[in-house]
Amino acid sequence: MKPLLHLIPCLLPMSLACAAAAPPQGPNVLFIVVDDLRPELGCYGKNYIKSPNIDALAKGGIVFNRAYVQQAVCSPSRTVVMTGTRPDTSKVWDLVTPFRDALPEVVTLGEQFKNHGYFVQGVGKIYHPGLNDPRTWSVPWEDPEAPVYALPENAEFSKAPVDDDIYPAAGAAPTAKKGKKAEGKREKTPSAANSRGPVSECADVPDNFYEDGKIADLAISDMQAISKRSEPFFLAVGFRKPHLPWVAPKKYWDLYNPAEIDLAPNPFLPEGAPSYAINPNDGEMRAYKGVPARGPIPPELAHTLKQAYFAGVSYSDAQIGRVIAELDRLGLRKNTIIVLWGDHGWKLGEHAAWGKHTNTENDTNAPLLLTAPGLKNAGTHTDALVEFVDIYPTLCDLAGLPLPKHLEGLSFKPLVADPALPWKQAAFSQYPRAQKGGLMGYSMRTDRYRMTVWVGRADHDNVDAIELYDHQVDPQENVNIANLPANAALVAKLMAQWHAGWKGALPPSVPPPS
Ligand SMILES: [Ca+2]
């Protein structure tokens, strides 16, 4: 660990330099989060996606091919990153519970940097709406206001709340009744089908008409101001697209021809999986106008919806590029760690579903890229299994900050130096469901397999179903092979690993936690 110069007691009290209390010299951190961004980007080998700015970042850094969120929905996933704890520790499995209910004194990622001399500022969607944590920041968090829609015919929906995911974070079934309780708290009432504004909008407006352009504007002006300060900064910038509704300036729509966009190759439920594993009628997208309330999405509409999502990706990518360009213009890149992550994946028709809210590879595998001063192996990818709970300890480690004792992740700084290092033996995710009195699906991704074990929330020994997918032959997770008699020994072996959990999956070089 690098010495913390500002914490070393002054040995020469009469020295003027010491009397002025030298500021910390650690690297800055530019922390970029993108809402609902799946790892379908140029730098992930998907050349039909126009993501030149994220791709340029990847060329100077390291791309994590197999990074997994701990729960595939906004607030639980973001809470994992910001607190360094897993959902069963923070008790955040839904979109309404603040993590300080269960962890009143937890030191967040931003707070840890703030406590060690950093100026910590947040812009845009970092925490879930309504759940900001003021203690994280050195100055109040900022979120610019912007109309949701640009076209006159959509004006009546322009001020509606739009990014609160609405469905069914606490495991409420798609048919959840108003006022359904989850974890002792009143769950947010799901929006009725087609009760919101249009699912997408293509308007010929400048980038900063919509919110993400305004977030980039604000991040740029904030960066200019904080670059003049003596202490290093931790600037968190959260972009909202490609979250629904898929509104983006026309020039980003024009990057894609909907007729040339491939539809999901597996528009069906996994064979042999329990019915609650996937929500084909997941209400999030269906709350918007322009999509059927239930049932299959017609192919022509599916092409347009994918074009709309891709336009949102390219729009956010352009705003990310503007922020990073300002970092370069200010000459700060050489002393700045940049981390970029999406809060979870998304299904664009895979498994007949449109949304997140599951334990599938589509939803749990999310983008993660990192650059750091002095990084060797720039432009490489790693297949190491990493978890989003690892981001907190990694950033502290790279900046030379101590690691709080409460953390449940592992710094992957060693992977940054050597992307081929033997690493975690599994990554873990989970998702609740309301069925059968309340279930939790605990999912384990190993190098070859994904196993999801559905247990009673009140009784983890009560196993309702097991899913097992062999990524060597079934990377789309289309066939559950857990119940094949020939796989009994394999299931038993993986169950032992599943029981050992994350503490049992640490790299061989890391001593198990106490
Ligand atoms: Ca999200």
# chains A, B, ... in the order shown; residues from 1 in each chain; ligands from 1
>>> residues_near_ligand(ligand="ligand 1", cutoff="6 Å", atoms="only C-alpha atoms and all ligand atoms", output="ChimeraX atom specification")
/A:35-36,73-74,343
>>> residues_around(residues="stretch 50-58 of chain A", least_positions_apart="4", cutoff="6 Å", atoms="only C-alpha atoms", output="MDAnalysis selection string")
chainID A and resid 42:43 314 317 321 379
>>> write_last_selection(atoms="all heavy atoms", output="PDB file, in the first residue's frame")
ATOM      1  N   GLY A  42     -18.840  -1.855 -28.488  1.00  0.00           N
ATOM      2  CA  GLY A  42     -17.733  -2.141 -29.396  1.00  0.00           C
ATOM      3  C   GLY A  42     -16.583  -2.850 -28.687  1.00  0.00           C
ATOM      4  O   GLY A  42     -16.039  -3.845 -29.180  1.00  0.00           O
ATOM      5  N   CYS A  43     -16.236  -2.354 -27.495  1.00  0.00           N
ATOM      6  CA  CYS A  43     -15.089  -2.928 -26.778  1.00  0.00           C
ATOM      7  C   CYS A  43     -15.370  -4.320 -26.239  1.00  0.00           C
ATOM      8  O   CYS A  43     -14.456  -5.010 -25.795  1.00  0.00           O
ATOM      9  CB  CYS A  43     -14.629  -1.994 -25.667  1.00  0.00           C
ATOM     10  SG  CYS A  43     -15.850  -1.697 -24.396  1.00  0.00           S
ATOM     11  N   SER A 314     -25.588   4.938 -27.519  1.00  0.00           N
ATOM     12  CA  SER A 314     -24.679   5.839 -28.239  1.00  0.00           C
ATOM     13  C   SER A 314     -24.782   7.269 -27.703  1.00  0.00           C
ATOM     14  O   SER A 314     -23.786   8.007 -27.680  1.00  0.00           O
ATOM     15  CB  SER A 314     -24.989   5.810 -29.742  1.00  0.00           C
ATOM     16  OG  SER A 314     -24.686   4.525 -30.256  1.00  0.00           O
ATOM     17  N   ASP A 317     -22.852   7.243 -24.515  1.00  0.00           N
ATOM     18  CA  ASP A 317     -21.435   7.138 -24.879  1.00  0.00           C
ATOM     19  C   ASP A 317     -20.877   8.513 -25.280  1.00  0.00           C
ATOM     20  O   ASP A 317     -19.760   8.875 -24.888  1.00  0.00           O
ATOM     21  CB  ASP A 317     -21.280   6.142 -26.034  1.00  0.00           C
ATOM     22  CG  ASP A 317     -19.858   6.071 -26.538  1.00  0.00           C
ATOM     23  OD1 ASP A 317     -19.045   5.354 -25.929  1.00  0.00           O
ATOM     24  OD2 ASP A 317     -19.546   6.763 -27.532  1.00  0.00           O
ATOM     25  N   GLY A 321     -17.914  10.652 -23.503  1.00  0.00           N
ATOM     26  CA  GLY A 321     -16.778  11.172 -24.254  1.00  0.00           C
ATOM     27  C   GLY A 321     -16.522  12.638 -23.964  1.00  0.00           C
ATOM     28  O   GLY A 321     -15.366  13.070 -23.857  1.00  0.00           O
ATOM     29  N   GLY A 379      -5.425  -1.850 -22.821  1.00  0.00           N
ATOM     30  CA  GLY A 379      -6.129  -2.417 -23.965  1.00  0.00           C
ATOM     31  C   GLY A 379      -6.408  -3.902 -23.845  1.00  0.00           C
ATOM     32  O   GLY A 379      -6.886  -4.519 -24.785  1.00  0.00           O
TER      33      GLY A 379
END
>>> select_by_dssp(residues="stretch 75-169 of chain A", states="strand (DSSP E or B)", output="NGL selection string")
:A and (119-124 or 142)
>>> closest_residue(among="A:Val106, A:Pro404, A:Gly272, A:Phe239", to="A:Leu484", atoms="only C-alpha atoms")
A:Gly272
>>> select_by_dssp(residues="stretch 134-321 of chain A", states="helix (DSSP H, G or I)", output="PyMOL selection string")
chain A and resi 134-136+152-157+207-209+211-226+250-253+258-260+275-277+283-286+299-321
>>> residues_around(residues="A:Asn115", least_positions_apart="3", cutoff="12 Å", atoms="only C-alpha atoms", output="VMD selection string")
chain A and resid 6 to 7 24 107 to 112 118 to 120 135 to 138 234 396 401 to 402 404
>>> closest_residue(among="A:Ile261, A:Ala293, A:Leu403, A:Leu95", to="A:Leu348", atoms="only C-alpha atoms")
A:Ile261
>>> closest_residue(among="A:Phe31, A:Tyr149, A:Trp141, A:Phe233", to="A:Leu332", atoms="only C-alpha atoms")
A:Phe233
>>> closest_residue(among="A:Pro39, A:Pro280, A:Pro267, A:Gly290", to="A:Gly345", atoms="only C-alpha atoms")
A:Pro39
>>> closest_residue(among="A:Ala308, A:Ile466, A:Asp133, A:Ala277", to="A:Lys251", atoms="only C-alpha atoms")
A:Ala308
>>> closest_atom_pairs(of="stretch 286-391 of chain A", to="stretch 474-480 of chain A", cutoff="8 Å", atoms="only C-alpha atoms", output="JSON lines")
{"residue": "A:His351", "atom": "CA", "partner": "A:Asn478", "partner_atom": "CA", "distance": 7.9}
{"residue": "A:Thr360", "atom": "CA", "partner": "A:Glu477", "partner_atom": "CA", "distance": 7.6}
{"residue": "A:Glu361", "atom": "CA", "partner": "A:Glu477", "partner_atom": "CA", "distance": 7.6}
>>> closest_residue(among="A:Thr364, A:Asn279, A:Asn65, A:Ser195", to="A:Pro419", atoms="only C-alpha atoms")
A:Asn65
>>> residues_around(residues="stretch 504-508 of chain A", least_positions_apart="4", cutoff="7 Å", atoms="only C-alpha atoms", output="ChimeraX atom specification")
/A:422-426,500
>>> write_last_selection(atoms="N, CA, C and O atoms", output="short mmCIF file (atom, residue, chain, number, x, y, z; two decimals), in the first residue's frame")
data_model
loop_
_atom_site.label_atom_id
_atom_site.label_comp_id
_atom_site.auth_asym_id
_atom_site.auth_seq_id
_atom_site.Cartn_x
_atom_site.Cartn_y
_atom_site.Cartn_z
N PRO A 422 -4.75 -16.28 -11.70
CA PRO A 422 -5.87 -17.09 -11.20
C PRO A 422 -6.68 -16.28 -10.20
O PRO A 422 -6.10 -15.66 -9.30
N TRP A 423 -8.00 -16.26 -10.37
CA TRP A 423 -8.79 -15.35 -9.54
C TRP A 423 -9.96 -16.06 -8.89
O TRP A 423 -9.90 -17.28 -8.65
N LYS A 424 -11.05 -15.33 -8.62
CA LYS A 424 -12.17 -15.92 -7.88
C LYS A 424 -12.71 -17.17 -8.59
O LYS A 424 -12.81 -17.20 -9.81
N GLN A 425 -13.14 -18.12 -7.80
CA GLN A 425 -13.68 -19.35 -8.37
C GLN A 425 -15.17 -19.24 -8.69
O GLN A 425 -15.74 -20.12 -9.36
N ALA A 426 -15.80 -18.19 -8.23
CA ALA A 426 -17.22 -17.98 -8.54
C ALA A 426 -17.61 -16.54 -8.24
O ALA A 426 -16.95 -15.85 -7.46
N ALA A 500 -20.55 -23.02 0.20
CA ALA A 500 -19.34 -22.33 0.69
C ALA A 500 -19.41 -20.84 0.40
O ALA A 500 -18.74 -20.03 1.06
#
>>> closest_atom_pairs(of="stretch 261-328 of chain A", to="stretch 198-216 of chain A", cutoff="9 Å", atoms="only C-alpha atoms", output="Markdown table")
| residue | atom | partner | partner_atom | distance |
| --- | --- | --- | --- | --- |
| A:Met285 | CA | A:Val199 | CA | 7.2 |
| A:Arg286 | CA | A:Val199 | CA | 8.4 |
| A:Ala287 | CA | A:Val199 | CA | 8.4 |
| A:Tyr288 | CA | A:Val199 | CA | 5.0 |
| A:Lys289 | CA | A:Pro198 | CA | 4.5 |
| A:Gly290 | CA | A:Pro198 | CA | 6.0 |
| A:Val291 | CA | A:Val199 | CA | 7.3 |
| A:Leu305 | CA | A:Ser200 | CA | 7.7 |
| A:Ala308 | CA | A:Ser200 | CA | 6.4 |
| A:Tyr309 | CA | A:Ser200 | CA | 8.6 |
| A:Tyr315 | CA | A:Asp207 | CA | 7.8 |
| A:Ser316 | CA | A:Asp212 | CA | 6.8 |
| A:Ala318 | CA | A:Asp207 | CA | 8.8 |
| A:Gln319 | CA | A:Ala216 | CA | 5.7 |
| A:Ile320 | CA | A:Ala216 | CA | 7.2 |
| A:Arg322 | CA | A:Ala216 | CA | 6.9 |
| A:Val323 | CA | A:Ala216 | CA | 6.1 |
>>> residues_around(residues="stretch 384-392 of chain A", least_positions_apart="3", cutoff="7 Å", atoms="only C-alpha atoms", output="NGL selection string")
:A and (66-70 or 80-82 or 84-86 or 109 or 395-396 or 408-412 or 423-424 or 426-427)
>>> residues_around(residues="A:Tyr276", least_positions_apart="5", cutoff="12 Å", atoms="only C-alpha atoms", output="PyMOL selection string")
chain A and resi 171-174+269-270+281-282+357-359+431-436+438-441+454+464-467
>>> residues_around(residues="A:Pro258", least_positions_apart="6", cutoff="7 Å", atoms="only C-alpha atoms", output="mmCIF file with N, CA and C atoms, in the first residue's frame")
data_model
loop_
_atom_site.group_PDB
_atom_site.id
_atom_site.type_symbol
_atom_site.label_atom_id
_atom_site.label_comp_id
_atom_site.auth_asym_id
_atom_site.auth_seq_id
_atom_site.Cartn_x
_atom_site.Cartn_y
_atom_site.Cartn_z
ATOM 1 N N HIS A 303 -37.487 -4.779 -33.529
ATOM 2 C CA HIS A 303 -36.378 -4.111 -34.239
ATOM 3 C C HIS A 303 -36.280 -2.642 -33.822
ATOM 4 N N THR A 304 -37.433 -1.976 -33.773
ATOM 5 C CA THR A 304 -37.430 -0.556 -33.419
ATOM 6 C C THR A 304 -37.020 -0.346 -31.962
ATOM 7 N N GLN A 307 -33.356 -0.659 -31.754
ATOM 8 C CA GLN A 307 -32.742 0.576 -32.286
ATOM 9 C C GLN A 307 -32.807 1.691 -31.236
#
